[in-house]
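Here's protein14.txt, which has compact mmCIF, C-alpha atoms and all ligand atoms:
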```txt
# COMPACT_ATOMS: atom_id res chain seq x y z
CA MET A 13 -80.48 26.97 -20.84
CA THR A 14 -77.10 25.58 -19.94
CA GLN A 15 -74.30 26.49 -22.28
CA GLN A 16 -72.70 23.63 -24.18
CA ASN A 17 -68.93 23.28 -24.36
CA ILE A 18 -67.75 22.42 -27.85
CA THR A 19 -64.38 21.12 -28.97
CA VAL A 20 -63.81 22.05 -32.60
CA LEU A 21 -61.34 19.72 -34.31
CA GLY A 22 -60.16 21.60 -37.41
CA SER A 23 -61.40 25.05 -36.36
CA THR A 24 -59.42 26.93 -39.04
CA GLY A 25 -60.85 24.91 -41.94
CA SER A 26 -63.94 25.45 -44.03
CA ILE A 27 -66.25 23.47 -41.71
CA GLY A 28 -64.50 24.81 -38.59
CA VAL A 29 -65.02 28.43 -39.61
CA SER A 30 -68.70 27.78 -40.39
CA THR A 31 -69.09 26.07 -37.02
CA LEU A 32 -67.64 29.08 -35.24
CA ASP A 33 -70.05 31.29 -37.15
CA VAL A 34 -73.00 29.31 -35.75
CA ILE A 35 -71.47 29.48 -32.25
CA ARG A 36 -71.05 33.24 -32.71
CA ARG A 37 -74.78 33.57 -33.46
CA HIS A 38 -75.77 31.68 -30.30
CA PRO A 39 -73.49 32.73 -27.44
CA ASP A 40 -76.23 31.80 -24.97
CA ARG A 41 -76.18 28.17 -26.12
CA TYR A 42 -72.59 27.42 -27.10
CA GLN A 43 -69.08 28.05 -25.85
CA ALA A 44 -65.94 27.10 -27.81
CA PHE A 45 -64.09 24.95 -25.28
CA ALA A 46 -61.10 23.86 -27.40
CA LEU A 47 -60.05 25.06 -30.85
CA CYS A 48 -57.73 22.71 -32.72
CA ALA A 49 -55.83 23.24 -35.96
CA HIS A 50 -52.83 22.01 -37.88
CA SER A 51 -50.46 24.95 -38.38
CA GLN A 52 -52.35 28.18 -39.11
CA VAL A 53 -51.10 30.13 -36.11
CA ASP A 54 -52.44 33.53 -37.21
CA LYS A 55 -55.92 32.27 -37.89
CA LEU A 56 -56.10 30.25 -34.67
CA PHE A 57 -54.85 33.24 -32.66
CA GLU A 58 -57.63 35.41 -34.12
CA GLN A 59 -60.16 32.73 -33.23
CA CYS A 60 -58.78 32.60 -29.69
CA LEU A 61 -59.12 36.38 -29.38
CA GLU A 62 -62.77 36.23 -30.40
CA PHE A 63 -63.96 32.98 -28.78
CA ARG A 64 -61.68 32.79 -25.72
CA PRO A 65 -61.50 29.00 -25.58
CA ARG A 66 -60.07 27.19 -22.52
CA PHE A 67 -57.66 25.33 -24.83
CA ALA A 68 -56.08 25.72 -28.25
CA VAL A 69 -54.12 22.99 -30.03
CA LEU A 70 -51.61 23.05 -32.88
CA ARG A 71 -49.77 20.18 -34.43
CA ASP A 72 -46.25 20.67 -33.10
CA ALA A 73 -44.47 22.19 -30.12
CA PRO A 74 -42.77 25.20 -31.81
CA LEU A 75 -46.08 26.38 -33.30
CA ALA A 76 -47.83 25.86 -29.98
CA ALA A 77 -45.13 27.88 -28.19
CA GLU A 78 -45.60 30.73 -30.66
CA LEU A 79 -49.36 30.73 -30.15
CA ALA A 80 -48.98 30.49 -26.37
CA ALA A 81 -46.72 33.56 -26.34
CA ARG A 82 -49.20 35.56 -28.39
CA CYS A 83 -52.12 34.50 -26.20
CA ARG A 84 -50.21 35.50 -23.04
CA GLN A 85 -49.31 38.86 -24.54
CA ALA A 86 -52.96 39.47 -25.38
CA GLY A 87 -53.96 38.60 -21.82
CA LEU A 88 -55.86 35.45 -22.80
CA ALA A 89 -56.19 32.57 -20.34
CA THR A 90 -56.24 30.04 -23.20
CA GLU A 91 -53.94 27.10 -22.54
CA VAL A 92 -52.06 25.96 -25.67
CA ARG A 93 -51.25 22.31 -26.32
CA HIS A 94 -49.86 20.35 -29.23
CA GLY A 95 -50.05 16.94 -30.89
CA VAL A 96 -52.55 14.17 -31.30
CA GLU A 97 -52.53 13.28 -27.57
CA ALA A 98 -53.91 16.74 -26.83
CA LEU A 99 -56.61 16.32 -29.48
CA VAL A 100 -57.60 12.99 -27.95
CA GLU A 101 -57.68 14.40 -24.41
CA LEU A 102 -59.65 17.53 -25.29
CA SER A 103 -62.23 15.48 -27.20
CA ALA A 104 -62.95 13.35 -24.15
CA LEU A 105 -62.70 15.61 -21.06
CA PRO A 106 -65.79 15.54 -18.81
CA GLU A 107 -66.44 19.28 -19.39
CA VAL A 108 -66.91 18.69 -23.13
CA ASP A 109 -70.50 18.29 -24.30
CA ALA A 110 -69.98 18.06 -28.04
CA VAL A 111 -67.16 17.58 -30.53
CA MET A 112 -67.19 18.92 -34.08
CA ALA A 113 -65.05 16.45 -36.02
CA ALA A 114 -63.83 18.62 -38.89
CA ILE A 115 -60.20 17.65 -39.35
CA VAL A 116 -59.58 16.51 -42.92
CA GLY A 117 -58.45 12.94 -43.54
CA ALA A 118 -57.10 10.11 -41.39
CA ALA A 119 -55.58 12.57 -38.89
CA GLY A 120 -59.04 12.99 -37.37
CA LEU A 121 -59.60 9.32 -36.60
CA GLU A 122 -58.09 9.05 -33.12
CA PRO A 123 -59.64 12.17 -31.54
CA THR A 124 -63.04 11.45 -33.10
CA LEU A 125 -62.93 7.89 -31.82
CA ALA A 126 -61.96 9.24 -28.39
CA ALA A 127 -65.04 11.49 -28.43
CA ALA A 128 -67.24 8.50 -29.27
CA ARG A 129 -65.66 6.42 -26.53
CA ALA A 130 -66.31 9.23 -24.06
CA GLY A 131 -70.00 9.18 -25.02
CA LYS A 132 -70.06 12.71 -26.44
CA ARG A 133 -72.35 14.29 -28.97
CA VAL A 134 -70.18 13.71 -32.04
CA MET A 135 -70.91 15.98 -35.00
CA LEU A 136 -69.18 14.22 -37.86
CA ALA A 137 -67.90 16.07 -40.92
CA ASN A 138 -64.65 14.07 -41.10
CA LYS A 139 -66.06 11.25 -43.27
CA GLU A 140 -62.66 9.55 -43.57
CA VAL A 141 -63.20 8.30 -39.98
CA LEU A 142 -66.11 6.10 -41.07
CA VAL A 143 -64.38 5.07 -44.30
CA MET A 144 -61.32 3.85 -42.42
CA ALA A 145 -62.87 2.35 -39.35
CA GLY A 146 -66.64 2.25 -39.80
CA GLU A 147 -67.23 -0.91 -37.82
CA LEU A 148 -64.95 0.09 -34.96
CA PHE A 149 -66.34 3.60 -34.78
CA MET A 150 -70.02 2.61 -34.88
CA HIS A 151 -69.33 -0.01 -32.23
CA ALA A 152 -67.77 2.67 -30.00
CA VAL A 153 -70.77 4.95 -30.53
CA ARG A 154 -73.21 2.22 -29.46
CA GLU A 155 -71.08 0.85 -26.64
CA HIS A 156 -70.51 4.23 -25.00
CA GLY A 157 -73.86 5.84 -25.73
CA ALA A 158 -72.46 8.61 -27.90
CA THR A 159 -74.87 10.67 -30.02
CA LEU A 160 -73.70 10.65 -33.62
CA LEU A 161 -74.97 13.45 -35.85
CA PRO A 162 -73.90 13.60 -39.50
CA VAL A 163 -72.67 16.97 -40.75
CA ASP A 164 -71.88 15.95 -44.31
CA SER A 165 -74.77 17.63 -46.14
CA GLU A 166 -76.03 14.46 -47.85
CA HIS A 167 -75.99 12.39 -44.68
CA ASN A 168 -77.52 15.18 -42.69
CA ALA A 169 -80.32 15.30 -45.28
CA ILE A 170 -80.81 11.51 -45.05
CA PHE A 171 -80.83 11.72 -41.25
CA GLN A 172 -83.56 14.37 -41.50
CA ALA A 173 -85.60 12.26 -43.95
CA LEU A 174 -85.41 9.05 -41.86
CA PRO A 175 -87.70 8.27 -38.92
CA ALA A 176 -86.18 9.02 -35.49
CA ASP A 177 -85.96 5.29 -34.68
CA PHE A 178 -84.15 4.26 -37.89
CA ALA A 179 -81.59 2.36 -35.81
CA ARG A 180 -84.09 -0.49 -35.53
CA GLY A 181 -83.33 -1.20 -39.20
CA LEU A 182 -84.01 0.52 -42.52
CA ALA A 183 -86.14 -2.35 -43.88
CA ALA A 184 -88.29 -2.34 -40.73
CA CYS A 185 -88.86 1.38 -41.30
CA GLY A 186 -90.04 0.75 -44.87
CA VAL A 187 -86.96 2.28 -46.47
CA GLU A 188 -86.23 0.94 -49.95
CA LYS A 189 -83.42 3.17 -51.09
CA ILE A 190 -81.16 5.97 -50.06
CA LEU A 191 -80.83 8.49 -52.88
CA LEU A 192 -77.42 10.08 -52.39
CA THR A 193 -77.20 13.18 -54.54
CA ALA A 194 -73.98 14.38 -56.16
CA SER A 195 -73.28 17.55 -58.10
CA GLY A 196 -70.90 15.71 -60.42
CA GLY A 197 -68.21 18.31 -59.69
CA PRO A 198 -66.54 20.67 -62.16
CA PHE A 199 -65.73 18.00 -64.79
CA ARG A 200 -69.12 16.37 -65.27
CA ASN A 201 -69.16 17.37 -68.94
CA THR A 202 -65.44 17.85 -69.67
CA ALA A 203 -64.18 15.78 -72.62
CA LEU A 204 -62.35 12.73 -71.25
CA ALA A 205 -59.27 13.59 -73.32
CA ASP A 206 -59.03 16.98 -71.55
CA LEU A 207 -59.06 15.53 -68.03
CA GLN A 208 -55.37 14.58 -68.17
CA GLN A 209 -54.34 18.27 -68.28
CA VAL A 210 -56.59 19.49 -65.46
CA THR A 211 -54.83 21.79 -62.92
CA PRO A 212 -55.36 21.86 -59.13
CA ASP A 213 -57.09 25.24 -59.34
CA GLN A 214 -59.52 23.95 -61.98
CA ALA A 215 -60.22 20.87 -59.86
CA CYS A 216 -60.84 22.98 -56.76
CA ALA A 217 -63.31 25.32 -58.50
CA HIS A 218 -66.44 23.48 -57.40
CA PRO A 219 -69.59 24.75 -59.12
CA ASN A 220 -71.74 24.95 -55.95
CA TRP A 221 -69.71 24.60 -52.75
CA VAL A 222 -66.65 26.38 -51.31
CA MET A 223 -64.66 23.75 -49.40
CA GLY A 224 -61.16 22.70 -48.37
CA ARG A 225 -58.83 21.65 -51.20
CA LYS A 226 -58.77 17.92 -50.42
CA ILE A 227 -62.54 17.47 -50.49
CA SER A 228 -62.74 19.73 -53.56
CA VAL A 229 -60.40 17.43 -55.50
CA ASP A 230 -62.36 14.44 -54.18
CA SER A 231 -65.52 16.05 -55.57
CA ALA A 232 -63.88 16.49 -58.97
CA THR A 233 -62.90 12.78 -59.13
CA MET A 234 -66.17 11.80 -57.40
CA MET A 235 -64.03 9.97 -54.84
CA ASN A 236 -65.94 12.16 -52.41
CA LYS A 237 -69.22 10.53 -53.42
CA GLY A 238 -67.57 7.13 -53.12
CA LEU A 239 -66.41 7.97 -49.59
CA GLU A 240 -69.95 9.14 -48.88
CA VAL A 241 -71.45 5.84 -50.06
CA ILE A 242 -69.24 4.11 -47.48
CA GLU A 243 -70.14 6.76 -44.89
CA ALA A 244 -73.87 6.12 -45.52
CA ARG A 245 -73.37 2.37 -45.22
CA TRP A 246 -72.10 2.79 -41.66
CA LEU A 247 -74.22 5.70 -40.45
CA PHE A 248 -77.50 4.10 -41.48
CA ASP A 249 -76.51 0.41 -41.57
CA ALA A 250 -77.49 0.37 -45.25
CA ALA A 251 -76.56 -2.41 -47.67
CA PRO A 252 -74.46 -1.08 -50.58
CA GLU A 253 -77.23 -2.06 -53.06
CA MET A 254 -79.61 0.26 -51.20
CA ILE A 255 -77.44 3.31 -51.81
CA GLN A 256 -78.14 4.92 -55.18
CA VAL A 257 -76.00 7.84 -56.32
CA VAL A 258 -78.04 10.43 -58.22
CA VAL A 259 -76.21 13.18 -60.10
CA HIS A 260 -78.06 16.43 -59.45
CA PRO A 261 -76.01 19.39 -60.69
CA GLN A 262 -77.91 22.13 -58.83
CA SER A 263 -77.10 20.74 -55.32
CA VAL A 264 -80.50 21.86 -54.02
CA ILE A 265 -81.74 18.43 -52.95
CA HIS A 266 -79.08 17.36 -50.49
CA SER A 267 -80.27 13.72 -50.59
CA ALA A 268 -83.48 11.74 -50.18
CA VAL A 269 -84.98 8.54 -48.83
CA GLN A 270 -87.32 6.36 -50.89
CA TYR A 271 -89.97 4.38 -48.96
CA ALA A 272 -91.94 1.23 -49.74
CA ASP A 273 -95.21 3.15 -50.18
CA GLY A 274 -93.75 5.21 -53.03
CA SER A 275 -92.96 8.29 -50.93
CA VAL A 276 -89.63 10.01 -51.39
CA LEU A 277 -88.62 12.38 -48.58
CA ALA A 278 -85.90 14.85 -49.43
CA GLN A 279 -84.18 17.71 -47.67
CA LEU A 280 -83.62 20.86 -49.73
CA GLY A 281 -81.65 23.99 -49.06
CA ASN A 282 -79.03 26.38 -50.31
CA PRO A 283 -75.53 24.91 -50.51
CA ASP A 284 -74.35 26.36 -47.20
CA MET A 285 -72.79 24.00 -44.64
CA ARG A 286 -74.09 26.12 -41.76
CA THR A 287 -77.48 24.38 -42.23
CA PRO A 288 -76.27 20.85 -41.44
CA ILE A 289 -73.82 22.21 -38.85
CA ALA A 290 -76.56 24.08 -36.98
CA TYR A 291 -78.85 21.06 -37.25
CA ALA A 292 -76.19 18.80 -35.72
CA MET A 293 -75.48 21.33 -32.98
CA ALA A 294 -79.09 21.96 -31.96
CA TRP A 295 -80.74 18.61 -32.73
CA PRO A 296 -83.53 17.82 -31.94
CA GLU A 297 -84.17 21.56 -31.95
CA ARG A 298 -83.62 23.96 -34.84
CA ILE A 299 -81.81 27.26 -34.63
CA ALA A 300 -80.99 30.12 -37.00
CA ALA A 301 -77.85 29.43 -39.02
CA GLY A 302 -77.43 32.64 -41.02
CA VAL A 303 -78.38 30.79 -44.21
CA GLU A 304 -80.31 32.55 -46.94
CA PRO A 305 -83.81 31.07 -47.42
CA LEU A 306 -84.17 28.80 -50.43
CA ASP A 307 -85.81 30.60 -53.37
CA LEU A 308 -87.39 27.92 -55.56
CA PHE A 309 -88.45 30.45 -58.19
CA ARG A 310 -84.88 31.57 -58.67
CA ILE A 311 -83.75 27.94 -58.96
CA GLY A 312 -86.46 27.18 -61.51
CA ARG A 313 -85.48 23.61 -62.33
CA LEU A 314 -83.83 20.53 -60.89
CA ASP A 315 -82.04 17.95 -63.06
CA PHE A 316 -81.08 14.35 -62.35
CA PHE A 317 -78.72 11.92 -64.12
CA PRO A 318 -77.30 8.48 -63.41
CA PRO A 319 -73.60 8.46 -62.42
CA ASP A 320 -70.93 7.62 -65.00
CA PHE A 321 -68.77 4.91 -63.41
CA VAL A 322 -66.31 4.90 -66.31
CA ARG A 323 -65.52 8.61 -66.20
CA PHE A 324 -65.53 8.52 -62.40
CA ARG A 325 -63.53 5.37 -61.71
CA CYS A 326 -63.07 6.34 -58.04
CA LEU A 327 -66.81 5.96 -57.44
CA GLN A 328 -66.67 2.39 -58.72
CA LEU A 329 -63.62 1.66 -56.54
CA ALA A 330 -65.59 2.78 -53.48
CA TYR A 331 -68.40 0.30 -54.18
CA ASP A 332 -65.75 -2.38 -54.78
CA VAL A 333 -63.98 -1.86 -51.44
CA LEU A 334 -67.30 -1.68 -49.63
CA ARG A 335 -68.16 -5.15 -50.92
CA GLU A 336 -64.67 -6.42 -50.10
CA GLY A 337 -64.86 -5.01 -46.56
CA GLY A 338 -62.20 -5.23 -43.83
CA THR A 339 -59.30 -2.84 -44.34
CA ALA A 340 -60.00 -2.37 -48.08
CA PRO A 341 -61.76 1.02 -47.56
CA ALA A 342 -58.89 2.20 -45.31
CA ILE A 343 -56.40 1.24 -48.02
CA LEU A 344 -58.37 3.15 -50.66
CA ASN A 345 -58.69 6.16 -48.38
CA ALA A 346 -54.96 6.24 -47.63
CA ALA A 347 -53.94 5.85 -51.29
CA ASN A 348 -56.37 8.62 -52.18
CA GLU A 349 -55.00 11.02 -49.55
CA ILE A 350 -51.49 10.51 -50.95
CA ALA A 351 -52.77 10.84 -54.53
CA VAL A 352 -54.66 14.07 -53.84
CA ALA A 353 -51.73 15.63 -51.97
CA ALA A 354 -49.41 14.73 -54.89
CA PHE A 355 -51.88 16.13 -57.41
CA LEU A 356 -52.17 19.40 -55.46
CA GLU A 357 -48.35 19.63 -55.42
CA GLY A 358 -48.09 19.01 -59.16
CA ARG A 359 -46.45 15.57 -58.79
CA LEU A 360 -49.37 13.54 -60.13
CA SER A 361 -51.82 14.13 -62.97
CA PHE A 362 -55.56 14.32 -62.34
CA LEU A 363 -56.13 10.94 -64.01
CA GLY A 364 -53.23 9.58 -61.98
CA ILE A 365 -55.47 9.77 -58.89
CA PRO A 366 -57.80 6.87 -59.85
CA ARG A 367 -54.86 5.00 -61.39
CA LEU A 368 -52.86 5.19 -58.17
CA ASN A 369 -55.86 4.25 -56.02
CA GLU A 370 -56.55 1.23 -58.17
CA ALA A 371 -52.90 0.13 -58.27
CA VAL A 372 -52.53 0.32 -54.49
CA LEU A 373 -55.76 -1.63 -53.97
CA ALA A 374 -54.59 -4.30 -56.42
CA ALA A 375 -51.23 -4.65 -54.66
CA LEU A 376 -52.42 -4.81 -51.04
CA PRO A 377 -54.71 -7.57 -49.79
CA ALA A 378 -57.38 -6.46 -47.33
CA ALA A 379 -57.51 -7.94 -43.82
CA PRO A 380 -60.40 -7.91 -41.33
CA GLU A 381 -60.88 -4.41 -39.86
CA GLY A 382 -59.86 -5.65 -36.41
CA SER A 383 -58.49 -3.11 -33.94
CA LEU A 384 -57.49 0.52 -34.34
CA ALA A 385 -53.88 -0.68 -34.67
CA ASP A 386 -54.84 -2.92 -37.60
CA VAL A 387 -56.59 -0.04 -39.36
CA LEU A 388 -53.65 2.32 -38.76
CA GLY A 389 -51.27 -0.39 -39.97
CA ALA A 390 -53.18 -0.82 -43.24
CA ASP A 391 -53.33 2.96 -43.60
CA ALA A 392 -49.55 3.31 -43.13
CA GLU A 393 -48.73 0.48 -45.53
CA ALA A 394 -50.97 1.93 -48.24
CA ARG A 395 -49.39 5.36 -47.80
CA ARG A 396 -45.90 3.91 -48.13
CA LEU A 397 -46.77 2.01 -51.28
CA ALA A 398 -48.65 4.94 -52.87
CA THR A 399 -45.74 7.29 -52.13
CA ALA A 400 -43.27 4.82 -53.66
CA MET A 401 -45.41 4.35 -56.76
CA ILE A 402 -45.42 8.09 -57.41
CA ALA A 403 -41.72 8.54 -56.57
CA ASP A 404 -40.49 5.82 -58.91
CA GLY A 405 -42.72 7.04 -61.74
CA ARG A 406 -44.87 3.89 -61.88
CA ILE A 407 -47.94 6.14 -61.75
CA GLY A 408 -47.70 9.65 -63.21
P1 LIG B 501 -60.11 22.15 -44.62
O1 LIG B 501 -58.89 21.71 -45.32
O2 LIG B 501 -60.71 23.46 -44.97
O3 LIG B 501 -59.84 22.16 -43.04
C1 LIG B 501 -59.22 21.11 -42.38
C2 LIG B 501 -58.96 21.47 -40.93
O4 LIG B 501 -58.30 20.36 -40.29
C3 LIG B 501 -58.06 22.69 -40.72
O5 LIG B 501 -58.50 23.40 -39.60
C4 LIG B 501 -56.69 22.06 -40.44
O6 LIG B 501 -55.88 22.91 -39.65
C5 LIG B 501 -57.10 20.83 -39.66
N1 LIG B 501 -56.12 19.75 -39.72
C6 LIG B 501 -55.64 19.13 -40.82
N2 LIG B 501 -54.74 18.19 -40.47
C7 LIG B 501 -54.66 18.20 -39.12
C8 LIG B 501 -53.89 17.50 -38.15
N3 LIG B 501 -53.03 16.54 -38.52
N4 LIG B 501 -54.06 17.81 -36.84
C9 LIG B 501 -54.92 18.76 -36.47
N5 LIG B 501 -55.67 19.47 -37.33
C10 LIG B 501 -55.53 19.20 -38.64
O7 LIG B 501 -61.19 20.97 -44.79
P2 LIG B 501 -62.78 21.09 -44.77
O8 LIG B 501 -63.29 21.37 -46.12
O9 LIG B 501 -63.23 21.95 -43.62
O10 LIG B 501 -63.17 19.55 -44.46
C11 LIG B 501 -63.01 18.98 -43.18
C12 LIG B 501 -63.69 17.62 -43.18
O11 LIG B 501 -65.08 17.80 -43.38
C13 LIG B 501 -63.21 16.69 -44.30
O12 LIG B 501 -63.19 15.38 -43.83
C14 LIG B 501 -64.28 16.85 -45.37
O13 LIG B 501 -64.42 15.69 -46.16
C15 LIG B 501 -65.51 17.08 -44.51
N6 LIG B 501 -66.58 17.82 -45.19
C16 LIG B 501 -66.35 19.09 -45.60
C17 LIG B 501 -67.35 19.80 -46.26
C18 LIG B 501 -67.15 21.23 -46.70
O14 LIG B 501 -68.09 21.84 -47.19
N7 LIG B 501 -65.98 21.82 -46.54
C19 LIG B 501 -68.58 19.19 -46.50
C20 LIG B 501 -68.78 17.89 -46.07
C21 LIG B 501 -67.77 17.22 -45.41
MG MG B 502 -71.05 15.77 -48.87
```
Is it possible to express this structure as structure tokens?
Ligand code: NAD
Ligand code: MG
Amino acid sequence: MTQQNITVLGSTGSIGVSTLDVIRRHPDRYQAFALCAHSQVDKLFEQCLEFRPRFAVLRDAPLAAELAARCRQAGLATEVRHGVEALVELSALPEVDAVMAAIVGAAGLEPTLAAARAGKRVMLANKEVLVMAGELFMHAVREHGATLLPVDSEHNAIFQALPADFARGLAACGVEKILLTASGGPFRNTALADLQQVTPDQACAHPNWVMGRKISVDSATMMNKGLEVIEARWLFDAAPEMIQVVVHPQSVIHSAVQYADGSVLAQLGNPDMRTPIAYAMAWPERIAAGVEPLDLFRIGRLDFFPPDFVRFRCLQLAYDVLREGGTAPAILNAANEIAVAAFLEGRLSFLGIPRLNEAVLAALPAAPEGSLADVLGADAEARRLATAMIADGRIG
């Protein structure tokens, strides 16, 4: 078997570390070609020592110089680069077979798009890419023959439950509904009056999954599920009405597909991202991922509830922007990134997150999605406005 070269965008994050664990288990199949991170020099250096990638990337030149010096001292041949241009280049080089898109937020858009345009196997965790530029990205995938494999656990489950030729159209395949499961996060049953006082640590204490802080806050507001509705719309070319969110607190069913004959096909498993990561890496084969087998007797029961769109305003906003189309999802995504960062820094209350998202959406008209420049323009404008609204105390 020929070894596959993988570029890992966001190698020091939660998904990145799990990806490297799967690579570690299958050295015959996979080689880390480029490891890319924001600013965690120590962690990236350790990863370089173990995985000996051809390239490593950090965000800015001083950090890259520090890492380069340490790599040289350790006798590593790893070449260290910096900046988004390096991410774009190392996602598209001919030697690269697959790219794990696991940067958090809008910062991952350009390199992930570059991987699609270079016709790579794109393993997509970075859902914000599809939220911001779904039309553009899916067009690039089709145009350049890229292979797009969803890593987000729900979308990976849906991908597994759909027929292999689902691209010919969900209706033609007899699909009636996509059942997108959601844990409901840590505040599913918290009294509404108590939500105002919620702290970042409480919001990040997800009942079932250990994840990065941004997606953890998104899970607590259910913005994450909203982003995933938009993600599903693009990945599977599904009409918004076909996507039903199902609150399922145990996170055992990762999502399901309901067919015209009454069948519902679901994918189940322990909440461990190495399952969808390994699936995306090995597809159409299956490989060991280090994940504990699912013990149904220990689980005992599975519960299901309809989502509460009043408590979780962000979920409603996601359906709204999906219907509006154009740059509306990019505007929501940008406002939300600013809101979550401000919440994590103690500058915005938990309930300020949906308020800010809604206020920014109300203030900025959406335009057609257009080019990458249009999307990035809408993103920048929404960030500016959201930042100003927090700074001048309009939203607290
Ligand atoms: P994380 O915060 O743990 O890691 C983010 C990674 O991106 C880090 O390696 C960081 O260094 C890197 N990064 C951030 N900004 C960057 C920049 N400007 N340039 C280069 N690198 C940058 O996040 P995570 O939980 O691993 O999530 C990553 C993505 O995967 C998110 O889009 C998230 O929604 C998605 N996702 C995560 C999970 C999960 O279980 N963690 C599940 C489904 C989807
Ligand atoms: Mg998910």
**Asked** Looking at all atoms listed in the file, which of A:Lys139, A:Arg180, A:His156, A:Arg325 is the one that sits closest to ligand MG 502 (chain B)?
**Response**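 Of all the options, A:Lys139 lies closest to ligand MG 502 (chain B).
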**Complete:** Counting only C-alpha atoms and all ligand atoms, the residue among A:Asp40, A:Asp164, A:Asp404, A:Asp307 that lies closest to ligand MG 502 (chain B) is A:Asp164
Got a sec: who's within 10 Å of Leu360 in chain A, counting only C-alpha atoms, leaving out chain neighbours fewer than 6 positions off, as a PDB file with C-alpha atoms, in the frame of the given file?
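Okay, out-v9.pdb is ready:
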```
ATOM      1  CA  ILE A 350     -51.490  10.510 -50.950  1.00  0.00           C
ATOM      2  CA  ALA A 351     -52.770  10.840 -54.530  1.00  0.00           C
ATOM      3  CA  VAL A 352     -54.660  14.070 -53.840  1.00  0.00           C
ATOM      4  CA  ALA A 353     -51.730  15.630 -51.970  1.00  0.00           C
ATOM      5  CA  ALA A 354     -49.410  14.730 -54.890  1.00  0.00           C
ATOM      6  CA  LEU A 368     -52.860   5.190 -58.170  1.00  0.00           C
ATOM      7  CA  ILE A 402     -45.420   8.090 -57.410  1.00  0.00           C
ATOM      8  CA  ALA A 403     -41.720   8.540 -56.570  1.00  0.00           C
ATOM      9  CA  GLY A 405     -42.720   7.040 -61.740  1.00  0.00           C
ATOM     10  CA  ILE A 407     -47.940   6.140 -61.750  1.00  0.00           C
ATOM     11  CA  GLY A 408     -47.700   9.650 -63.210  1.00  0.00           C
TER      12      GLY A 408
END
```
**Who sits within 10 Å of Pro65 in chain A, all atoms listed in the file, same chain under 5 positions skipped, as an MDAnalysis selection string** = chainID A and resid 17:19 43:47 59:60 88:92
**Env. residues ligand LIG 501 (chain B) / 7 Å / all atoms listed in the file / as a PyMOL selection string** = chain A and resi 21-28+48-52+70-71+96+114-117+119-120+137-140+163-165+221-227+285
**Request:** Report as JSON, numbers by chain which protein, DNA and RNA residues come within 12 Å of ligand MG 502 (chain B), using only C-alpha atoms and all ligand atoms.
**Result:** {"A": [27, 136, 137, 138, 139, 140, 162, 163, 164, 165, 166, 167, 168, 169, 170, 192, 193, 194, 195, 196, 197, 220, 221, 222, 223, 227, 228, 230, 231, 234, 235, 236, 237, 238, 239, 240, 241, 242, 243, 244, 257, 263, 265, 266, 267, 283, 284, 285, 288]}
**Message:** I'd like the interatomic distance between CA of Ala158 in chain A and CA of Ser383 in chain A, to a tenth of an Å.
**Reply:** 19.2 Å
**Request:** For each of A:Ala232, A:Met135, A:Ala118, A:Thr124, take the minimum atom-to-atom distance to Ala390 in chain A, counting only C-alpha atoms, then give the residue where this is smallest.
**Result:**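 The answer is A:Ala118, which sits nearest to Ala390 in chain A.
Interatomic distance, CA of Leu191 in chain A to CA of Val264 in chain A: 13.4 Å.
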**Request:** Choose the residue, out of A:Tyr291, A:Phe63, A:Phe309, A:Phe316, that has the smallest atom-to-atom separation from Leu161 in chain A; count all atoms listed in the file.
**Result:**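 Among the listed residues, A:Tyr291 lies closest to Leu161 in chain A.
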**Message:** Report, in Å with one decimal, the straight-line distance from CA of Val258 in chain A to CA of Pro318 in chain A.
**Reply:**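 Calculated distance between CA of Val258 in chain A and CA of Pro318 in chain A is 5.6 Å.
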**Complete:** Across A:Ala290, A:Ala394, A:Ala278, A:Leu79, the smallest distance to Ala342 in chain A, with only C-alpha atoms counted, is shown by A:Ala394
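Within the 8 Å cut-off around Glu188 in chain A, using only C-alpha atoms and omitting residues fewer than 3 positions from it on the same chain, the listed residues are Leu182, Ala183, Met254, Val269, Gln270, Tyr271 and Ala272 of chain A.
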Dump as a PDB file, in the frame of the given file, selection limited to C-alpha atoms:
```pdb
ATOM      1  CA  LEU A 182     -84.010   0.520 -42.520  1.00  0.00           C
ATOM      2  CA  ALA A 183     -86.140  -2.350 -43.880  1.00  0.00           C
ATOM      3  CA  MET A 254     -79.610   0.260 -51.200  1.00  0.00           C
ATOM      4  CA  VAL A 269     -84.980   8.540 -48.830  1.00  0.00           C
ATOM      5  CA  GLN A 270     -87.320   6.360 -50.890  1.00  0.00           C
ATOM      6  CA  TYR A 271     -89.970   4.380 -48.960  1.00  0.00           C
ATOM      7  CA  ALA A 272     -91.940   1.230 -49.740  1.00  0.00           C
TER       8      ALA A 272
END
```
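Between Pro74 in chain A and the residues A:Arg93, A:Arg154, A:Arg200, A:Arg395, the shortest atom-to-atom distance, using all atoms listed in the file, involves A:Arg93.
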**Prompt:** Which residues, written as a PyMOL selection string, have at least one atom at most 7 Å from Thr159 in chain A, with only C-alpha atoms counted and residues fewer than 2 positions away on the same chain left out?
**Reply:** chain A and resi 132-134+157+161
Residues from last step as file, C-alpha atoms, as a PDB file, keeping the file's coordinate frame:
```
ATOM      1  CA  LYS A 132     -70.060  12.710 -26.440  1.00  0.00           C
ATOM      2  CA  ARG A 133     -72.350  14.290 -28.970  1.00  0.00           C
ATOM      3  CA  VAL A 134     -70.180  13.710 -32.040  1.00  0.00           C
ATOM      4  CA  GLY A 157     -73.860   5.840 -25.730  1.00  0.00           C
ATOM      5  CA  LEU A 161     -74.970  13.450 -35.850  1.00  0.00           C
TER       6      LEU A 161
END
```
